[in-house]
>>> print(open('input-v2.cif').read())   # mmCIF, C-alpha atoms
data_final
loop_
_atom_site.label_atom_id
_atom_site.label_comp_id
_atom_site.auth_asym_id
_atom_site.auth_seq_id
_atom_site.Cartn_x
_atom_site.Cartn_y
_atom_site.Cartn_z
CA MET A 19 170.36 -38.31 135.07
CA ALA A 20 172.07 -39.65 138.16
CA SER A 21 174.52 -37.29 139.79
CA LEU A 22 178.17 -38.24 140.11
CA ARG A 23 179.53 -38.71 143.58
CA ARG A 24 182.94 -37.43 144.58
CA GLY A 25 185.64 -39.61 143.05
CA SER A 26 183.47 -41.07 140.29
CA ASN A 27 184.06 -40.45 136.61
CA VAL A 28 182.56 -40.82 133.15
CA GLU A 29 184.35 -41.58 129.88
CA LEU A 30 182.80 -38.79 127.86
CA THR A 31 184.50 -39.36 124.51
CA ARG A 32 183.61 -43.06 124.47
CA GLU A 33 179.94 -42.20 124.80
CA ILE A 34 180.18 -39.22 122.42
CA PRO A 35 183.15 -39.87 120.09
CA ASP A 36 182.82 -36.55 118.23
CA LEU A 37 182.62 -34.43 121.39
CA PRO A 38 184.82 -31.41 120.53
CA GLY A 39 185.22 -30.04 124.04
CA LEU A 40 183.37 -29.33 127.24
CA VAL A 41 181.76 -26.51 129.11
CA LEU A 42 182.24 -26.92 132.85
CA GLY A 43 179.77 -24.91 134.85
CA VAL A 44 179.48 -24.30 138.56
CA ARG A 45 176.38 -23.13 140.39
CA TRP A 46 175.86 -22.38 144.01
CA ASN A 47 173.29 -21.22 146.52
CA ALA A 48 174.81 -18.99 149.17
CA GLY A 49 171.49 -18.46 150.93
CA PRO A 50 171.52 -15.28 153.00
CA GLU A 51 175.26 -14.70 152.43
CA PRO A 52 175.53 -12.41 149.41
CA ALA A 53 179.01 -11.32 150.46
CA LEU A 54 180.14 -14.96 150.22
CA ALA A 55 178.72 -15.26 146.72
CA ASP A 56 180.49 -12.01 145.75
CA SER A 57 183.86 -13.44 146.73
CA LEU A 58 183.64 -16.85 145.02
CA VAL A 59 185.98 -17.46 142.09
CA MET A 60 186.07 -20.35 139.61
CA ALA A 61 189.42 -21.18 138.03
CA ALA A 62 190.93 -23.89 135.81
CA ILE A 63 194.50 -25.17 136.10
CA LEU A 64 196.21 -26.92 133.17
CA CYS A 65 198.41 -29.63 134.68
CA ASP A 66 201.05 -32.07 133.51
CA ARG A 67 201.15 -35.80 134.30
CA ARG A 68 202.35 -35.09 137.83
CA SER A 69 199.34 -32.82 138.43
CA ARG A 70 201.53 -29.74 138.42
CA ALA A 71 200.49 -26.54 136.69
CA LEU A 72 202.50 -25.85 133.54
CA SER A 73 202.99 -22.28 134.78
CA GLY A 74 201.14 -19.37 136.36
CA GLU A 75 199.91 -18.50 132.86
CA HIS A 76 198.05 -21.81 132.86
CA PHE A 77 195.76 -20.67 135.68
CA VAL A 78 192.58 -19.42 133.99
CA PHE A 79 190.23 -17.14 135.94
CA PHE A 80 188.48 -13.79 135.63
CA ASN A 81 191.74 -11.85 135.50
CA GLN A 82 193.41 -14.23 133.01
CA LEU A 83 190.65 -15.29 130.66
CA ALA A 84 192.68 -17.79 128.65
CA GLU A 85 195.98 -19.63 128.78
CA PRO A 86 198.66 -19.26 126.08
CA SER A 87 197.43 -22.06 123.78
CA ARG A 88 193.84 -20.74 123.91
CA SER A 89 192.48 -24.22 124.64
CA VAL A 90 190.81 -23.25 127.92
CA GLY A 91 189.01 -20.00 128.61
CA MET A 92 186.20 -18.26 130.37
CA PRO A 93 183.30 -17.76 127.94
CA ALA A 94 181.70 -14.36 127.52
CA ASP A 95 178.17 -15.38 128.33
CA VAL A 96 177.36 -17.92 130.95
CA THR A 97 174.45 -20.06 129.83
CA GLY A 98 171.66 -21.43 131.97
CA ASP A 99 171.77 -21.05 135.73
CA ASP A 100 175.49 -21.51 136.17
CA ALA A 101 177.32 -18.79 138.08
CA GLU A 102 180.57 -19.28 136.18
CA GLN A 103 181.77 -21.50 133.35
CA VAL A 104 185.04 -22.67 131.84
CA GLU A 105 185.25 -23.92 128.27
CA VAL A 106 187.72 -26.52 126.98
CA VAL A 107 188.62 -27.17 123.32
CA PHE A 108 190.04 -30.69 123.24
CA SER A 109 191.91 -30.33 119.91
CA ALA A 110 193.80 -27.26 121.13
CA VAL A 111 194.95 -28.68 124.48
CA PRO A 112 198.78 -28.95 124.42
CA GLU A 113 200.20 -32.49 124.48
CA GLU A 114 201.94 -31.89 127.80
CA VAL A 115 198.64 -31.14 129.50
CA ALA A 116 197.35 -34.34 131.08
CA ARG A 117 194.49 -32.87 133.09
CA ILE A 118 192.52 -29.69 133.54
CA VAL A 119 191.41 -29.19 137.12
CA VAL A 120 188.57 -26.80 137.86
CA VAL A 121 188.47 -25.22 141.29
CA LEU A 122 186.42 -22.82 143.38
CA TYR A 123 187.81 -20.57 146.08
CA VAL A 124 186.78 -17.77 148.39
CA ASN A 125 188.80 -14.67 147.66
CA GLU A 126 189.87 -13.34 151.00
CA GLY A 127 188.74 -9.75 150.62
CA ILE A 128 187.94 -6.99 153.06
CA GLY A 129 185.92 -7.84 156.12
CA LEU A 130 184.75 -11.14 157.52
CA ARG A 131 186.44 -14.30 156.37
CA ARG A 132 183.83 -16.72 155.09
CA ALA A 133 184.08 -20.41 154.35
CA LEU A 134 182.55 -22.68 151.72
CA GLY A 135 180.66 -24.55 154.44
CA ARG A 136 178.16 -21.70 154.42
CA LEU A 137 177.00 -22.74 150.95
CA ARG A 138 173.73 -24.59 150.82
CA GLU A 139 174.33 -26.04 147.42
CA LEU A 140 177.30 -26.41 145.09
CA THR A 141 177.19 -28.35 141.85
CA LEU A 142 179.58 -28.88 138.95
CA ARG A 143 178.13 -29.70 135.54
CA ALA A 144 179.73 -30.85 132.26
CA LEU A 145 177.97 -29.65 129.10
CA ASP A 146 178.30 -30.35 125.39
CA PRO A 147 179.58 -26.99 124.04
CA ARG A 148 177.58 -27.37 120.81
CA ASP A 149 174.14 -27.36 122.37
CA ASP A 150 174.63 -26.97 126.14
CA ARG A 151 173.23 -30.44 126.72
CA GLU A 152 174.11 -31.59 130.23
CA LEU A 153 176.36 -34.66 130.05
CA ALA A 154 177.16 -35.07 133.72
CA ARG A 155 176.47 -33.39 137.03
CA SER A 156 178.07 -33.74 140.44
CA GLU A 157 176.28 -34.48 143.66
CA ASN A 158 175.78 -31.49 145.98
CA LEU A 159 179.38 -30.83 147.00
CA ALA A 160 178.36 -28.34 149.70
CA ALA A 161 177.10 -31.12 151.97
CA ALA A 162 180.64 -32.24 152.88
CA LEU A 163 182.11 -28.76 153.36
CA ASP A 164 182.83 -26.93 156.58
CA GLY A 165 185.73 -24.51 157.11
CA GLU A 166 187.25 -24.97 153.66
CA THR A 167 187.98 -21.85 151.61
CA ALA A 168 189.09 -23.58 148.41
CA LEU A 169 187.93 -26.73 146.67
CA THR A 170 188.78 -28.84 143.64
CA LEU A 171 185.44 -29.29 141.87
CA GLY A 172 186.43 -31.78 139.19
CA GLU A 173 188.83 -32.54 136.39
CA VAL A 174 188.92 -33.40 132.72
CA TYR A 175 191.80 -35.73 131.88
CA ARG A 176 193.26 -37.73 129.03
CA HIS A 177 192.48 -41.44 128.97
CA ASN A 178 193.21 -43.91 126.16
CA GLY A 179 193.28 -41.17 123.55
CA GLY A 180 190.02 -39.67 124.80
CA TRP A 181 188.84 -37.58 127.70
CA LYS A 182 187.23 -38.44 131.01
CA PHE A 183 185.44 -36.22 133.49
CA LYS A 184 185.76 -36.81 137.20
CA VAL A 185 184.18 -35.17 140.24
CA LEU A 186 186.79 -34.35 142.91
CA GLY A 187 185.41 -32.25 145.79
CA GLU A 188 188.63 -32.03 147.77
CA GLY A 189 188.64 -29.06 150.14
CA TYR A 190 191.46 -26.85 151.39
CA ARG A 191 191.32 -24.96 154.65
CA ALA A 192 194.39 -22.99 153.56
CA GLY A 193 192.38 -21.53 150.69
CA ILE A 194 193.64 -20.80 147.21
CA ALA A 195 197.20 -20.45 148.53
CA GLY A 196 197.12 -24.04 149.79
CA LEU A 197 195.50 -25.36 146.65
CA ALA A 198 197.84 -23.41 144.36
CA GLY A 199 200.79 -24.72 146.33
CA ASP A 200 199.65 -28.33 145.88
CA TYR A 201 199.30 -27.84 142.14
CA GLY A 202 202.54 -25.92 141.73
CA VAL A 203 200.86 -22.77 140.42
CA VAL A 204 203.37 -20.67 142.35
CA ARG A 205 206.96 -21.83 142.48
CA MET B 1 197.94 -28.91 116.59
CA SER B 2 194.62 -27.68 115.34
CA LEU B 3 193.39 -24.30 116.43
CA ASP B 4 190.10 -24.76 114.70
CA VAL B 5 187.89 -23.74 117.55
CA GLY B 6 185.08 -22.29 115.53
CA PHE B 7 182.41 -24.36 117.21
CA LEU B 8 182.93 -22.47 120.40
CA ARG B 9 180.37 -19.78 120.29
CA ARG B 10 180.64 -17.76 123.44
CA ARG B 11 183.56 -15.43 123.61
CA ARG B 12 184.28 -12.31 125.50
CA PRO B 13 186.91 -9.63 125.05
CA ALA B 14 190.32 -10.61 126.28
CA SER B 15 190.64 -7.60 128.50
CA PRO B 16 188.32 -7.40 131.51
CA VAL B 17 189.14 -3.77 132.14
CA VAL B 18 189.60 -0.58 130.23
CA SER B 19 193.21 -0.29 129.22
CA LEU B 20 195.13 2.79 130.19
CA GLY B 21 197.18 2.48 127.03
CA VAL B 22 200.40 0.68 126.28
CA SER B 23 202.98 3.10 127.61
CA LEU B 24 204.60 1.91 130.78
CA ASP B 25 206.10 5.29 131.51
CA LEU B 26 203.75 6.25 134.30
CA SER B 27 204.99 9.76 134.75
CA ASP B 28 203.37 12.42 136.87
CA GLU B 29 201.38 13.59 133.90
CA PRO B 30 197.94 12.02 133.84
CA THR B 31 197.05 9.98 130.81
CA ALA B 32 194.90 12.29 128.79
CA THR B 33 193.13 9.80 126.61
CA ARG B 34 192.08 6.27 127.29
CA ALA B 35 192.15 3.44 124.83
CA ALA B 36 188.74 2.02 124.05
CA PRO B 37 187.93 -1.41 125.48
CA ALA B 38 189.16 -4.23 123.30
CA ALA B 39 186.73 -5.32 120.63
CA PRO B 40 185.17 -8.73 121.17
CA SER B 41 187.51 -11.38 119.85
CA VAL B 42 186.58 -14.56 118.08
CA ARG B 43 188.84 -16.77 120.16
CA PHE B 44 190.21 -16.88 123.66
CA GLU B 45 192.93 -14.33 123.18
CA PRO B 46 195.83 -14.86 125.54
CA PRO B 47 196.66 -11.71 127.46
CA PRO B 48 199.31 -9.51 125.89
CA ARG B 49 202.81 -10.08 127.15
CA ARG B 50 204.29 -6.93 128.54
CA THR B 51 207.87 -6.51 127.52
CA GLY B 52 208.34 -2.84 128.32
CA ARG B 53 210.39 -0.48 126.19
CA PRO B 54 214.04 -0.61 125.29
CA GLY B 55 215.95 0.30 128.40
CA ARG B 56 212.79 0.11 130.51
CA PRO B 57 211.99 -3.57 130.83
CA VAL B 58 209.01 -4.72 132.83
CA VAL B 59 210.16 -5.71 136.29
CA ARG B 60 208.34 -8.65 137.88
CA VAL B 61 208.33 -9.64 141.51
CA ARG B 62 208.78 -13.28 142.41
CA PRO B 63 206.81 -15.00 145.16
CA GLY B 64 208.52 -14.87 148.51
CA THR B 65 211.04 -12.22 147.44
CA ARG B 66 211.64 -8.69 148.67
CA THR B 67 212.00 -5.72 146.33
CA LEU B 68 212.96 -2.18 147.20
CA LEU B 69 211.07 0.35 145.11
CA GLY B 70 213.21 3.42 144.56
CA ALA B 71 215.71 5.03 142.25
CA LYS B 72 217.06 1.71 140.94
CA THR B 73 213.67 0.03 140.53
CA PRO B 74 211.01 2.74 140.42
CA ALA B 75 208.19 0.49 139.20
CA VAL B 76 207.18 -3.17 139.12
CA THR B 77 204.38 -4.97 137.30
CA LEU B 78 202.43 -7.64 139.16
CA ASP B 79 201.38 -10.63 137.09
CA ARG B 80 197.74 -11.50 136.49
CA LEU B 81 197.57 -13.77 139.53
CA GLN B 82 199.24 -11.28 141.85
CA SER B 83 196.84 -8.66 140.45
CA GLY B 84 193.72 -10.81 140.84
CA ILE B 85 194.01 -13.08 143.88
CA GLY B 86 193.49 -12.14 147.51
CA VAL B 87 194.14 -8.65 148.76
CA LEU B 88 196.78 -6.13 147.80
CA ALA B 89 197.88 -4.98 151.24
CA VAL B 90 199.72 -1.71 151.83
CA GLY B 91 200.91 -0.98 155.33
CA SER B 92 203.10 1.34 157.33
CA PRO B 93 204.04 -1.14 160.04
CA ARG B 94 206.30 0.99 162.18
CA SER B 95 204.58 2.58 165.16
CA GLY B 96 204.70 6.34 164.84
CA GLY B 97 204.53 5.98 161.08
CA PRO B 98 202.23 8.02 158.89
CA ASP B 99 198.50 7.66 158.48
CA LEU B 100 197.45 6.58 155.03
CA ALA B 101 195.00 8.17 152.65
CA CYS B 102 194.17 7.18 149.14
CA ALA B 103 192.79 8.71 145.97
CA TYR B 104 191.20 6.19 143.63
CA GLU B 105 189.64 6.21 140.20
CA LEU B 106 187.34 3.44 139.01
CA THR B 107 187.03 2.20 135.44
CA ASP B 108 183.57 3.80 135.30
CA GLY B 109 185.18 7.19 135.97
CA ARG B 110 184.16 7.65 139.58
CA SER B 111 186.89 8.91 141.86
CA ALA B 112 187.31 9.94 145.48
CA LEU B 113 189.83 10.68 148.17
CA ILE B 114 189.46 8.60 151.29
CA GLY B 115 191.12 8.56 154.67
CA PRO B 116 191.31 6.16 157.62
CA GLY B 117 188.14 4.37 158.62
CA THR B 118 186.68 4.54 155.14
CA ALA B 119 185.67 1.84 152.70
CA ALA B 120 184.96 2.49 149.03
CA PRO B 121 183.01 2.74 146.88
CA ALA B 122 180.54 4.27 149.33
CA ALA B 123 177.57 2.01 150.16
CA SER B 124 179.14 -0.98 148.44
CA ARG B 125 178.07 -4.35 149.86
CA THR B 126 181.54 -5.68 149.15
CA PRO B 127 184.13 -2.88 149.33
CA LEU B 128 186.90 -2.68 146.78
CA LEU B 129 189.07 -0.53 149.04
CA ALA B 130 189.42 -0.04 152.76
CA VAL B 131 191.70 2.43 154.52
CA ARG B 132 192.57 2.06 158.15
CA SER B 133 194.97 4.24 160.07
CA ARG B 134 198.12 2.46 158.94
CA SER B 135 196.92 0.14 156.23
CA LEU B 136 195.15 0.02 152.93
CA SER B 137 193.56 -3.05 151.35
CA VAL B 138 192.38 -3.65 147.80
CA ASP B 139 190.00 -6.58 147.23
CA LEU B 140 191.48 -8.05 144.05
CA ARG B 141 188.34 -10.06 143.26
CA GLN B 142 187.11 -6.68 142.05
CA VAL B 143 190.35 -5.49 140.42
CA GLY B 144 188.46 -5.01 137.17
CA LEU B 145 186.70 -2.02 138.77
CA LEU B 146 189.94 -0.24 139.59
CA ALA B 147 191.66 2.10 137.13
CA ARG B 148 194.27 3.60 139.42
CA LEU B 149 195.01 4.76 142.91
CA LEU B 150 197.45 6.96 144.78
CA VAL B 151 198.65 6.09 148.26
CA LEU B 152 199.37 9.13 150.40
CA ALA B 153 201.40 9.07 153.61
CA VAL B 154 200.27 11.78 156.01
CA PHE B 155 202.80 12.55 158.75
CA PRO B 156 201.93 14.31 161.98
CA ALA B 157 203.36 17.79 162.27
CA ALA B 158 206.95 17.90 163.55
CA VAL B 159 207.66 14.33 162.50
CA VAL B 160 210.46 13.82 159.99
CA PRO B 161 209.31 11.34 157.35
CA SER B 162 211.08 8.00 157.64
CA GLY B 163 210.39 4.31 157.49
CA ALA B 164 208.80 2.46 154.59
CA LEU B 165 205.48 1.37 153.20
CA VAL B 166 205.25 -2.38 152.74
CA VAL B 167 203.14 -3.91 149.97
CA THR B 168 202.39 -7.63 149.98
CA THR B 169 200.74 -9.97 147.47
CA TRP B 170 198.90 -13.27 147.94
CA ASP B 171 202.01 -15.28 147.02
CA GLY B 172 204.25 -13.59 149.55
CA ALA B 173 206.02 -11.09 147.31
CA ARG B 174 206.99 -8.04 149.37
CA LEU B 175 207.69 -4.54 148.15
CA GLU B 176 209.17 -1.82 150.29
CA VAL B 177 208.68 1.84 149.47
CA PRO B 178 211.01 4.11 151.49
CA LEU B 179 209.38 7.16 153.01
CA ASP B 180 212.33 9.54 153.02
CA GLN B 181 210.81 12.35 150.97
CA ALA B 182 210.53 15.53 153.02
CA GLY B 183 207.00 16.81 153.41
CA ARG B 184 203.99 16.35 155.62
CA VAL B 185 201.92 14.74 152.87
CA VAL B 186 203.88 12.44 150.61
CA VAL B 187 202.57 10.72 147.51
CA ALA B 188 204.29 7.42 148.24
CA LEU B 189 202.95 4.99 145.68
CA SER B 190 200.79 4.88 142.57
CA VAL B 191 198.97 1.80 141.30
CA HIS B 192 197.75 1.62 137.71
CA ASN B 193 195.65 -1.20 136.29
CA LEU B 194 197.03 -1.97 132.83
CA ALA B 195 194.51 -4.39 131.35
CA GLY B 196 194.54 -6.64 134.39
CA GLU B 197 198.14 -6.17 135.53
CA LEU B 198 198.85 -3.76 138.35
CA VAL B 199 201.84 -1.47 137.90
CA LEU B 200 203.17 -0.19 141.22
CA ARG B 201 205.40 2.84 141.17
CA ALA B 202 207.25 4.69 143.93
CA GLU B 203 206.42 8.36 143.58
CA ALA B 204 208.21 10.03 146.53
CA ALA B 205 206.56 13.38 145.81
CA ASP B 206 205.94 16.09 148.38
CA ALA B 207 202.34 17.02 147.77
CA GLY B 208 201.64 19.72 150.34
CA SER B 209 198.12 18.50 150.99
CA PRO B 210 195.98 15.55 149.88
CA ARG B 211 193.96 17.85 147.69
CA THR B 212 196.96 19.25 145.84
CA ALA B 213 198.18 15.67 145.38
CA CYS B 214 194.89 14.83 143.67
CA ALA B 215 195.16 17.86 141.43
CA ALA B 216 198.78 17.14 140.53
CA TYR B 217 197.92 13.59 139.49
CA GLY B 218 194.89 14.49 137.44
CA PHE B 219 192.19 13.29 139.80
CA ASP B 220 189.68 15.81 138.63
CA GLY B 221 186.44 16.25 140.44
CA ILE B 222 187.73 15.35 143.87
CA SER B 223 186.67 18.19 146.12
CA ARG B 224 186.68 16.69 149.57
CA LEU B 225 188.23 14.05 151.71
CA GLU B 226 186.05 11.23 153.01
CA GLY B 227 187.24 10.08 156.42
CA THR B 228 189.92 11.85 158.44
CA PRO B 229 193.58 11.31 157.68
#
>>> encode(input="input-v2.cif", output="structure tokens")
Amino acid sequence: MASLRRGSNVELTREIPDLPGLVLGVRWNAGPEPALADSLVMAAILCDRRSRALSGEHFVFFNQLAEPSRSVGMPADVTGDDAEQVEVVFSAVPEEVARIVVVLYVNEGIGLRRALGRLRELTLRALDPRDDRELARSENLAAALDGETALTLGEVYRHNGGWKFKVLGEGYRAGIAGLAGDYGVVR
Amino acid sequence: MSLDVGFLRRRRPASPVVSLGVSLDLSDEPTATRAAPAAPSVRFEPPPRRTGRPGRPVVRVRPGTRTLLGAKTPAVTLDRLQSGIGVLAVGSPRSGGPDLACAYELTDGRSALIGPGTAAPAASRTPLLAVRSRSLSVDLRQVGLLARLLVLAVFPAAVVPSGALVVTTWDGARLEVPLDQAGRVVVALSVHNLAGELVLRAEAADAGSPRTACAAYGFDGISRLEGTP
């Protein structure tokens, strides 16, 4: 399967009309930087048509495992070689949600501040939740990273009554605070 | 809208941490019994909404605002983002202010008392807690490991306690905890992890010594101080 470059998309529900949802998985290779791997966090943001988060409760991550409508959540067991996964149930996604953006950030913890440019490899995959079949995979997003500490990996968005998947790969040097500000997570 | 999500087969419990129970009255008395971890659910359960008790509503702190913790507002509850993103930073910014020490308890039951220059847990590759002379940091990526902590302000002899501890969150919320309780060792602040939401409470208790503070707050098994406050 060819990998998707940043900015390219696939119309998943046209190819698989009965696709009930998606598992979005991220995997990385931090090389000799275990402390970087320890501080990475995957999150999903449920956004309206203006790409603004519906609220802070619509930011799904390890400390908020689902949003109020239960359409997006972090699954209990991560399958395959992914480090983290987010699962989407299309039928349960509220009407006002136009897109679900999945992101990765470095949690600024105690000690040295590390950036995503230290990653050797970073890939986003879209899986069929029924059998974990890989439907799409991004190119290696680490290649274009440098001092960024947060990154939009990709998004799932409504299109002509179905759903499309797009690889984003847009980095933020201001980290999760900068990204969250852009998407109106905090207001 | 259909909520038929039965095809989704991988679920985990809604709560990533052991709950300390539902009471928000975090009095000096230690919680004797702990609720068991939530049973695995069949769907993505949204986190419980904390509404507090009649007359004791949950107080939230908004990004970019300043809240004084004291008699009027003794406790606040951080939301799940404020409790899980970045670092919870506690500082005593004024020069001549107290040194900080901290007693912590992890969800696995381990506990310790640590002073300046100490990171915890001991030998951790990625520390959850670090105490410096005038500051304390909690790495919230690992908030699920933390059950509770006590922040102690240790004043030099012959110094009258004054000033304030300042607590900041990733989104710029700022809490100020006045240090006007007489005593050389003051229990200034407690932090309890209630199923992923941190409850911060001004304690303002004269403890006598760090060890008696630990005993008074039910930190059993702490026999020595790591680091030097």
>>> closest_residue(input="input-v2.cif", among="A:Leu54, A:Phe108, A:Ala84, A:Gly202", to="Asp36 of chain A", atoms="all atoms listed in the file")
A:Phe108
>>> closest_residue(input="input-v2.cif", among="B:Ala216, B:Ala75, B:Leu69, B:Leu152", to="Pro57 of chain B", atoms="all atoms listed in the file")
B:Ala75
>>> interface_residues(input="input-v2.cif", of="chain A", to="chain B", cutoff="6 Å", atoms="all atoms listed in the file", output="ChimeraX atom specification")
/A:81,84-86,88,91,93-95,109-110,125-127
>>> atom_distance(input="input-v2.cif", atom1="atom CA of Leu140 of chain A", atom2="atom CA of Asn158 of chain A")
5.4 Å
>>> resolve_selection(input="input-v2.cif", expression="the PyMOL selection byres ((chain A and resi 24) around 8)", output="list in words")
Leu22, Arg23, Gly25, Ser26, Ser156, Glu157, Leu159, Lys184, Val185, Leu186 and Gly187 of chain A
>>> atom_distance(input="input-v2.cif", atom1="atom CA of Ala205 of chain B", atom2="atom CA of Ala182 of chain B")
8.5 Å
>>> residues_around(input="input-v2.cif", residues="Val59 of chain B", least_positions_apart="4", cutoff="9 Å", atoms="only C-alpha atoms", output="count of residues only")
6
>>> resolve_selection(input="input-v2.cif", expression="the PyMOL selection byres ((chain A and resi 65-67) around 9)", output="PyMOL selection string")
chain A and resi 63-64+68-73+76+114-119+201-202
>>> residues_around(input="input-v2.cif", residues="Arg131 of chain A", least_positions_apart="2", cutoff="12 Å", atoms="only C-alpha atoms", output="PyMOL selection string")
(chain A and resi 51+53-54+57-58+124-129+133-136+165-167+191+193) or (chain B and resi 86)
>>> atom_distance(input="input-v2.cif", atom1="atom CA of Gln82 of chain A", atom2="atom CA of Phe183 of chain A")
23.4 Å
>>> residues_around(input="input-v2.cif", residues="Gly115 of chain B", least_positions_apart="5", cutoff="12 Å", atoms="only C-alpha atoms", output="list in words")
Pro98, Asp99, Leu100, Ala101, Cys102, Ala103, Tyr104, Ala120, Leu129, Ala130, Val131, Arg132, Ser133, Arg134, Ser135, Leu136, Leu150, Val151, Leu152, Ala153, Val154, Pro210, Arg211, Arg224, Leu225, Glu226, Gly227, Thr228 and Pro229 of chain B
>>> residues_near_point(input="input-v2.cif", point="(172.1, -26.7, 138.9)", cutoff="10 Å", atoms="all atoms listed in the file", output="PDB file with C-alpha atoms, in the frame of the given file")
ATOM      1  CA  GLY A  43     179.770 -24.910 134.850  1.00  0.00           C
ATOM      2  CA  VAL A  44     179.480 -24.300 138.560  1.00  0.00           C
ATOM      3  CA  ARG A  45     176.380 -23.130 140.390  1.00  0.00           C
ATOM      4  CA  TRP A  46     175.860 -22.380 144.010  1.00  0.00           C
ATOM      5  CA  ASN A  47     173.290 -21.220 146.520  1.00  0.00           C
ATOM      6  CA  GLY A  98     171.660 -21.430 131.970  1.00  0.00           C
ATOM      7  CA  ASP A  99     171.770 -21.050 135.730  1.00  0.00           C
ATOM      8  CA  ASP A 100     175.490 -21.510 136.170  1.00  0.00           C
ATOM      9  CA  ALA A 101     177.320 -18.790 138.080  1.00  0.00           C
ATOM     10  CA  GLU A 139     174.330 -26.040 147.420  1.00  0.00           C
ATOM     11  CA  LEU A 140     177.300 -26.410 145.090  1.00  0.00           C
ATOM     12  CA  THR A 141     177.190 -28.350 141.850  1.00  0.00           C
ATOM     13  CA  LEU A 142     179.580 -28.880 138.950  1.00  0.00           C
ATOM     14  CA  ARG A 143     178.130 -29.700 135.540  1.00  0.00           C
ATOM     15  CA  ARG A 155     176.470 -33.390 137.030  1.00  0.00           C
ATOM     16  CA  SER A 156     178.070 -33.740 140.440  1.00  0.00           C
ATOM     17  CA  ASN A 158     175.780 -31.490 145.980  1.00  0.00           C
TER      18      ASN A 158
END
>>> closest_residue(input="input-v2.cif", among="A:Leu153, A:Ala48, A:Leu40, A:Val204", to="Ser21 of chain A", atoms="all atoms listed in the file")
A:Leu153
>>> closest_residue(input="input-v2.cif", among="B:Arg174, B:Arg148, B:His192, B:Arg201", to="Gly91 of chain B", atoms="only C-alpha atoms")
B:Arg174
>>> resolve_selection(input="input-v2.cif", expression="the PyMOL selection byres ((chain A and resi 178) around 12)", output="PyMOL selection string")
chain A and resi 29-32+116+175-177+179-182
>>> residues_around(input="input-v2.cif", residues="Phe219 of chain B", least_positions_apart="6", cutoff="9 Å", atoms="all atoms listed in the file", output="list in words")
Pro30, Ala103, Tyr104, Glu105, Ser111, Ala112 and Ala213 of chain B
>>> residues_near_point(input="input-v2.cif", point="(211.0, 10.2, 148.2)", cutoff="6 Å", atoms="only C-alpha atoms", output="compact mmCIF listing (two decimals) with C-alpha atoms, in the frame of the given file")
# COMPACT_ATOMS: atom_id res chain seq x y z
CA LEU B 179 209.38 7.16 153.01
CA ASP B 180 212.33 9.54 153.02
CA GLN B 181 210.81 12.35 150.97
CA ALA B 204 208.21 10.03 146.53
CA ALA B 205 206.56 13.38 145.81
>>> closest_residue(input="input-v2.cif", among="B:Ser209, B:Thr107, B:Ser124, B:Thr169", to="Leu194 of chain B", atoms="only C-alpha atoms")
B:Thr107
>>> closest_residue(input="input-v2.cif", among="A:Val104, A:Val28, A:Val41, A:Ala168", to="Arg151 of chain A", atoms="only C-alpha atoms")
A:Val41
